[in-house]
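K.L.:
Here it is, the structure, as structure tokens.
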Amino acid sequence: MQDDFRTIIEPFRIHSVEPLRMTTPQQRSAAVRDAGYNLFNLHADDVLIDLLTDSGTGAMSRDQWAAIQHGDESYAGSPSWFRFLRAVQELFPFRHVIPTHQGRAAERILFSVLGGPGKVIPNNTHFDTTRANVEFTGAEAVDLVIPEGRDPALFHPFKGNLDLSALEQLLSERAEDVPVAFVTITNNSGGGQPVSLANLRGASRLCHQYGVPLFLDACRFAENAWFIHQREEGQERREIADIVREMASLADGMTMSAKKDPFGNIGGWLAMNDDQLAEQCRNLLILTEGFPTYGGLAGRDLEAIAQGLQEAVDPDYLRYRIRSTAYLGEAVAAAGVPVVQPIGGHAVYLDARSLLPHIPPLRYPGQALSVALYQTGGIRSAEIGTVMFGRHPDGSEQPAAMDLVRLAVPRRTYTQSHIDYVIEVVLKVASEAPALPGYRMVSEPPALRHFTARFEPV
Ligand SMILES: *Cc1c(COP(=O)(O)O)cnc(C)c1O
């Protein structure tokens with residue numbers, strides 16, 4: 001306990017280190033030009049502080065590395081699988097747990113069974129791979145986050161909440177076309193914002209009234225539970241694991257990326273209570289992922305995730321985790337840089353559209369800001385805006401709801417001085433904002449274009 005002191009320290013010390021490679025602004029300008037001004041195309045060696053994603057990039061603990069040595073690589077029925085299953089069901093007591101190599105594989109399997117033309121799938125905000133996997137089946141993905149969730153500057157304790165009246169309207173009009181409803185905790189594409197237990201209870205009640213199963217996209221379940229613990233009336237005395245179990249009890253299933261809160265470098269799962277649905281999903285799993293007791297993962301990965309799940313719900317870790325993200329966000333906001341408020345769990349989202357009003361959305365202000373952060377300080381971030389969400393299934397291009405740049409903080413990986421450096425770079429780029437150019441896309445793939453599109457400045 002450190003209750004008497006103001007400084008919230010990292011609740012770990014460093015056991016093994018990785019060198020960072022320094023580069024000059026000239027080297028970075030050449031590297032980003034060669035990458036077609038798409039930061040996904042950079043060599044990671046040319047990045048100093050990598051805030052592209054918190055997915056699979058966290059530091060594993062001593063106990064996770066030790067667990068890896070227990071990995072049993074039996075094709076079927078490995079003890080590592082049973083340890084994984086126990087760890088998952090301890091928090092998410094669904095009847096069926098289906099391991100996958102990452103979250104999007106769980107999505108693809110589920111939507112292959114439940115999706116298809118004429119179907120509509122609501123979510124607070126679909127994550128990019130979730131939306132793409134829904135749309136790939138011909139179904140429609142609709143985002144029903146509360147109106148407060150679309151206003152970057154507005155404070156609200158649970159800005160990830162689903163708009164329950166919009167959900168009720170959809171269900172009352174066409175429940176038979178809704179094979180499943182989703183809630184993403186925390187709401188990644190909407191600023192890493194949490195969803196309250198009260199909202200989940202409401203969504204659960206509505207879905208069940210209309211006979212529609214409710215699923216969680218639970219990648220950041222522990223961070224969401226911490227926000228509930230801190231912000232929701234009557235929750236401050238509960239254990240984090242207990243809050244997680246209540247969230248699970250309100251749902252009929254989940255998709256999961258173990259690369260997020262469970263501290264895996266790879267992994268995921270699909271879980272549900274429905275026996276018939278589980279059988280259909282397992283049949284698809286065997287086709288592309290593997291046998292149902294490993295699902296595309298090595299036994300050692302299952303062990304690392306099982307251990308990581310226990311660490312993810314440790315309150316000392318979560319207090320540090322949420323505080324360190326807020327530290328970055330509050331520092332840049334205090335200096336006048338527009339950010340999504342309040343600061344989310346895993347990332348700080350810079351509001352590129354407000355910072356760069358001279359760049360119209362179809363000239364990609366988020367791309368402009370993320371390229372500048374790299375050129376100036378070697379920081380890699382991710383555009384979450386019109387590049388990611390602007391292209392529609394009918395071929396049209398429209399501005400996304402917001403043009404954000406996400407600075408995602410890998411778990412347990414960077415120290416406070418790394419973050420102080422990031423703050424300095426963001427402030428320098430913000431001071432030069434009026435001089436930044438917009439971008440034109442010169443090539444784009446048919447789906448998930450942000451990963452591989454190429455750009456040039458205009
Ligand atoms: C990362 C993520 C996914 C997809 O998981 P992968 O492991 O990257 O395939 C789905 N939903 C949300 C909210 C995510 O953050």
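Just so we're on the same page: first chain in the structure tokens is A, next is B, and so on; residues restart at 1 for each chain, and ligands are numbered from 1 in the order they show up.
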Residues at most 9 Å from ligand 1, using only C-alpha atoms and all ligand atoms? Could they come as a ChimeraX atom specification?

P.N.:
/A:53-56,101-107,125-130,184-189,192,217-220,255-260,266-268

K.L.:
Would you mind listing what lies within 9 Å of Phe182 in chain A as a ChimeraX atom specification, with only C-alpha atoms counted and same-chain residues fewer than 4 positions away left out?

P.N.:
/A:121-126,213-217,254

K.L.:
Give me a file of those residues, with C-alpha atoms, as a PDB file, in the first residue's frame.

P.N.:
```
ATOM      1  CA  ILE A 121     -25.105  -6.258 -35.496  1.00  0.00           C
ATOM      2  CA  PRO A 122     -25.136  -3.424 -32.955  1.00  0.00           C
ATOM      3  CA  ASN A 123     -22.163  -2.522 -30.761  1.00  0.00           C
ATOM      4  CA  ASN A 124     -21.244   0.576 -28.743  1.00  0.00           C
ATOM      5  CA  THR A 125     -18.431   1.093 -31.283  1.00  0.00           C
ATOM      6  CA  HIS A 126     -17.146  -1.729 -33.480  1.00  0.00           C
ATOM      7  CA  PRO A 213     -27.843 -12.922 -27.255  1.00  0.00           C
ATOM      8  CA  LEU A 214     -25.494 -10.308 -25.802  1.00  0.00           C
ATOM      9  CA  PHE A 215     -21.740 -10.757 -26.330  1.00  0.00           C
ATOM     10  CA  LEU A 216     -18.822  -8.840 -24.851  1.00  0.00           C
ATOM     11  CA  ASP A 217     -15.804  -7.782 -26.886  1.00  0.00           C
ATOM     12  CA  MET A 254     -17.582 -13.121 -25.576  1.00  0.00           C
TER      13      MET A 254
END
```

K.L.:
For Asp261 in chain A, please output as a ChimeraX atom specification all residues within 8 Å (counting only C-alpha atoms; exclusion window: fewer than 4 positions along the same chain).

P.N.:
/A:219-223,309,312

K.L.:
For the residues in the current selection, export N, CA, C and O atoms as an mmCIF file, in the first residue's frame.

P.N.:
```cif
data_model
loop_
_atom_site.group_PDB
_atom_site.id
_atom_site.type_symbol
_atom_site.label_atom_id
_atom_site.label_comp_id
_atom_site.auth_asym_id
_atom_site.auth_seq_id
_atom_site.Cartn_x
_atom_site.Cartn_y
_atom_site.Cartn_z
ATOM 1 N N CYS A 219 -11.721 -7.355 -24.637
ATOM 2 C CA CYS A 219 -10.251 -7.230 -24.658
ATOM 3 C C CYS A 219 -9.689 -6.508 -23.435
ATOM 4 O O CYS A 219 -8.661 -6.880 -22.905
ATOM 5 N N ARG A 220 -10.377 -5.455 -22.988
ATOM 6 C CA ARG A 220 -9.852 -4.658 -21.868
ATOM 7 C C ARG A 220 -10.806 -4.747 -20.668
ATOM 8 O O ARG A 220 -11.147 -3.753 -20.041
ATOM 9 N N PHE A 221 -11.196 -5.981 -20.372
ATOM 10 C CA PHE A 221 -12.140 -6.222 -19.275
ATOM 11 C C PHE A 221 -11.618 -5.751 -17.930
ATOM 12 O O PHE A 221 -12.368 -5.270 -17.085
ATOM 13 N N ALA A 222 -10.299 -5.906 -17.686
ATOM 14 C CA ALA A 222 -9.746 -5.571 -16.364
ATOM 15 C C ALA A 222 -9.698 -4.052 -16.191
ATOM 16 O O ALA A 222 -10.036 -3.526 -15.121
ATOM 17 N N GLU A 223 -9.306 -3.341 -17.253
ATOM 18 C CA GLU A 223 -9.291 -1.875 -17.184
ATOM 19 C C GLU A 223 -10.730 -1.370 -17.006
ATOM 20 O O GLU A 223 -10.989 -0.458 -16.223
ATOM 21 N N LEU A 309 -3.724 -13.725 -16.906
ATOM 22 C CA LEU A 309 -5.087 -13.411 -16.472
ATOM 23 C C LEU A 309 -5.146 -13.135 -14.964
ATOM 24 O O LEU A 309 -5.921 -12.301 -14.497
ATOM 25 N N ALA A 312 -3.669 -9.626 -14.392
ATOM 26 C CA ALA A 312 -4.451 -8.525 -14.967
ATOM 27 C C ALA A 312 -5.442 -7.922 -13.985
ATOM 28 O O ALA A 312 -5.818 -6.770 -14.113
#
```

K.L.:
My list of candidates is A:Tyr37, A:Phe5, A:Phe82, A:Phe263. Which is closest to Trp65 in chain A when distances are computed with only C-alpha atoms?

P.N.:
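Using only C-alpha atoms, Trp65 in chain A sits closest to A:Phe263.
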
K.L.:
Just want the 8 Å neighbourhood of range 160-175 of chain A, counted on only C-alpha atoms, with same-chain residues fewer than 6 positions away dropped. Output as a VMD selection string.

P.N.:
chain A and resid 122 to 124 144 to 147 149 183 to 187 190 192 to 196 199 202 to 203 206 to 207 210 to 212

K.L.:
Select from range 356-453 of chain A everything DSSP, run on the backbone, classes as strand (DSSP E or B), then give the selection as a count of residues only.

P.N.:
17

K.L.:
For Leu51 in chain A, work out the shell of residues within 10 Å, counting only C-alpha atoms and skipping chain neighbours fewer than 6 positions away, then give it as a list in words.

P.N.:
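Surrounding residues, per the criterion: Thr57, Ala347, Val348, Ile379, Arg380, Ser381, Ala382, Arg406, Leu407, Ala408, Val409, Pro410, Tyr414 and Val422 of chain A.
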
K.L.:
Please measure the separation of CA of Asp394 in chain A and CA of Tyr439 in chain A, giving the value in Å to one decimal.

P.N.:
23.0 Å

K.L.:
For Pro361 in chain A, list every protein, DNA or RNA residue within 9 Å, evaluated using only C-alpha atoms, and leave out those in the same chain fewer than 6 positions away; present the list as a VMD selection string.

P.N.:
chain A and resid 353 385 to 386 398 to 400 402 to 403

K.L.:
Give me a file of those residues, with all heavy atoms, as a compact mmCIF listing (two decimals), in the first residue's frame.

P.N.:
```
# COMPACT_ATOMS: atom_id res chain seq x y z
N ARG A 353 -8.53 16.44 -35.51
CA ARG A 353 -9.42 17.32 -36.27
C ARG A 353 -9.45 18.71 -35.64
O ARG A 353 -9.44 19.72 -36.36
CB ARG A 353 -10.82 16.73 -36.35
CG ARG A 353 -11.69 17.42 -37.39
CD ARG A 353 -13.04 16.76 -37.52
NE ARG A 353 -12.97 15.47 -38.19
CZ ARG A 353 -14.01 14.63 -38.31
NH1 ARG A 353 -15.18 14.97 -37.81
NH2 ARG A 353 -13.87 13.47 -38.92
N GLY A 385 -9.41 7.25 -37.44
CA GLY A 385 -10.25 8.30 -38.00
C GLY A 385 -10.64 7.94 -39.42
O GLY A 385 -10.98 6.79 -39.72
N THR A 386 -10.55 8.93 -40.30
CA THR A 386 -11.07 8.77 -41.65
C THR A 386 -10.25 7.78 -42.47
O THR A 386 -10.80 7.09 -43.34
CB THR A 386 -11.16 10.15 -42.33
OG1 THR A 386 -12.00 10.98 -41.51
CG2 THR A 386 -11.76 10.06 -43.71
N GLN A 398 -16.35 8.84 -46.73
CA GLN A 398 -16.92 9.93 -45.93
C GLN A 398 -16.06 10.13 -44.69
O GLN A 398 -15.42 9.20 -44.22
CB GLN A 398 -18.34 9.56 -45.46
CG GLN A 398 -19.39 9.71 -46.53
CD GLN A 398 -20.48 8.67 -46.38
OE1 GLN A 398 -20.72 8.18 -45.28
NE2 GLN A 398 -21.10 8.29 -47.49
N PRO A 399 -16.07 11.37 -44.14
CA PRO A 399 -15.33 11.59 -42.90
C PRO A 399 -15.82 10.67 -41.79
O PRO A 399 -17.02 10.43 -41.67
CB PRO A 399 -15.65 13.05 -42.55
CG PRO A 399 -16.08 13.68 -43.83
CD PRO A 399 -16.73 12.58 -44.64
N ALA A 400 -14.90 10.15 -40.98
CA ALA A 400 -15.28 9.36 -39.80
C ALA A 400 -15.89 10.31 -38.76
O ALA A 400 -15.79 11.53 -38.89
CB ALA A 400 -14.06 8.66 -39.24
N MET A 402 -14.88 10.97 -35.84
CA MET A 402 -13.82 11.78 -35.24
C MET A 402 -12.52 11.44 -35.97
O MET A 402 -12.38 10.36 -36.53
CB MET A 402 -13.64 11.43 -33.76
CG MET A 402 -14.86 11.69 -32.90
SD MET A 402 -14.52 11.45 -31.13
CE MET A 402 -15.00 9.75 -30.90
N ASP A 403 -11.57 12.40 -35.98
CA ASP A 403 -10.23 12.10 -36.48
C ASP A 403 -9.28 12.15 -35.30
O ASP A 403 -8.89 13.23 -34.84
CB ASP A 403 -9.83 13.10 -37.57
CG ASP A 403 -10.36 12.67 -38.93
OD1 ASP A 403 -9.94 11.61 -39.40
OD2 ASP A 403 -11.23 13.37 -39.48
```

K.L.:
For Ala453 in chain A, find every residue with an atom within 10 Å (counting only C-alpha atoms), except residues of its own chain fewer than 4 positions away, and show them as a PyMOL selection string.

P.N.:
chain A and resi 35-38+40-41+387+441-446+448-449

K.L.:
Could those selected residues go to a file with N, CA and C atoms, as a PDB file, in the first residue's frame?

P.N.:
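selection32.pdb, freshly written:
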```pdb
ATOM      1  N   ALA A  35       8.193   4.447 -46.389  1.00  0.00           N
ATOM      2  CA  ALA A  35       7.055   3.665 -45.876  1.00  0.00           C
ATOM      3  C   ALA A  35       5.725   4.143 -46.475  1.00  0.00           C
ATOM      4  N   GLY A  36       5.780   5.049 -47.450  1.00  0.00           N
ATOM      5  CA  GLY A  36       4.541   5.573 -48.040  1.00  0.00           C
ATOM      6  C   GLY A  36       3.729   6.352 -47.001  1.00  0.00           C
ATOM      7  N   TYR A  37       4.426   6.992 -46.059  1.00  0.00           N
ATOM      8  CA  TYR A  37       3.782   7.780 -45.005  1.00  0.00           C
ATOM      9  C   TYR A  37       2.732   6.967 -44.246  1.00  0.00           C
ATOM     10  N   ASN A  38       2.956   5.653 -44.183  1.00  0.00           N
ATOM     11  CA  ASN A  38       2.092   4.790 -43.372  1.00  0.00           C
ATOM     12  C   ASN A  38       2.970   4.158 -42.295  1.00  0.00           C
ATOM     13  N   PHE A  40       2.558   1.863 -40.246  1.00  0.00           N
ATOM     14  CA  PHE A  40       2.562   0.395 -40.188  1.00  0.00           C
ATOM     15  C   PHE A  40       3.684  -0.189 -41.061  1.00  0.00           C
ATOM     16  N   ASN A  41       4.132   0.572 -42.066  1.00  0.00           N
ATOM     17  CA  ASN A  41       5.173   0.060 -42.968  1.00  0.00           C
ATOM     18  C   ASN A  41       6.588   0.310 -42.476  1.00  0.00           C
ATOM     19  N   VAL A 387      -8.953   7.646 -42.183  1.00  0.00           N
ATOM     20  CA  VAL A 387      -8.190   6.613 -42.894  1.00  0.00           C
ATOM     21  C   VAL A 387      -8.735   5.244 -42.491  1.00  0.00           C
ATOM     22  N   MET A 441      -4.273   9.689 -50.448  1.00  0.00           N
ATOM     23  CA  MET A 441      -3.992   8.256 -50.495  1.00  0.00           C
ATOM     24  C   MET A 441      -3.646   7.886 -51.925  1.00  0.00           C
ATOM     25  N   VAL A 442      -2.516   7.227 -52.133  1.00  0.00           N
ATOM     26  CA  VAL A 442      -2.135   6.877 -53.504  1.00  0.00           C
ATOM     27  C   VAL A 442      -2.390   5.402 -53.820  1.00  0.00           C
ATOM     28  N   SER A 443      -2.538   4.552 -52.792  1.00  0.00           N
ATOM     29  CA  SER A 443      -3.008   3.190 -53.073  1.00  0.00           C
ATOM     30  C   SER A 443      -3.729   2.676 -51.846  1.00  0.00           C
ATOM     31  N   GLU A 444      -4.740   1.858 -52.052  1.00  0.00           N
ATOM     32  CA  GLU A 444      -5.491   1.323 -50.916  1.00  0.00           C
ATOM     33  C   GLU A 444      -6.044  -0.055 -51.239  1.00  0.00           C
ATOM     34  N   PRO A 445      -5.988  -0.980 -50.248  1.00  0.00           N
ATOM     35  CA  PRO A 445      -6.543  -2.329 -50.435  1.00  0.00           C
ATOM     36  C   PRO A 445      -8.063  -2.303 -50.230  1.00  0.00           C
ATOM     37  N   PRO A 446      -8.772  -3.383 -50.547  1.00  0.00           N
ATOM     38  CA  PRO A 446     -10.235  -3.371 -50.463  1.00  0.00           C
ATOM     39  C   PRO A 446     -10.799  -3.340 -49.037  1.00  0.00           C
ATOM     40  N   LEU A 448      -9.850  -2.955 -44.519  1.00  0.00           N
ATOM     41  CA  LEU A 448      -8.857  -2.594 -43.497  1.00  0.00           C
ATOM     42  C   LEU A 448      -7.700  -1.817 -44.132  1.00  0.00           C
ATOM     43  N   ARG A 449      -8.052  -0.751 -44.862  1.00  0.00           N
ATOM     44  CA  ARG A 449      -7.061  -0.069 -45.707  1.00  0.00           C
ATOM     45  C   ARG A 449      -5.937   0.590 -44.922  1.00  0.00           C
TER      46      ARG A 449
END
```

K.L.:
Of the candidates A:Ala30, A:Leu373, A:Val337, A:Leu197, which one gets nearest to Trp226 in chain A if we count only C-alpha atoms?

P.N.:
A:Leu197
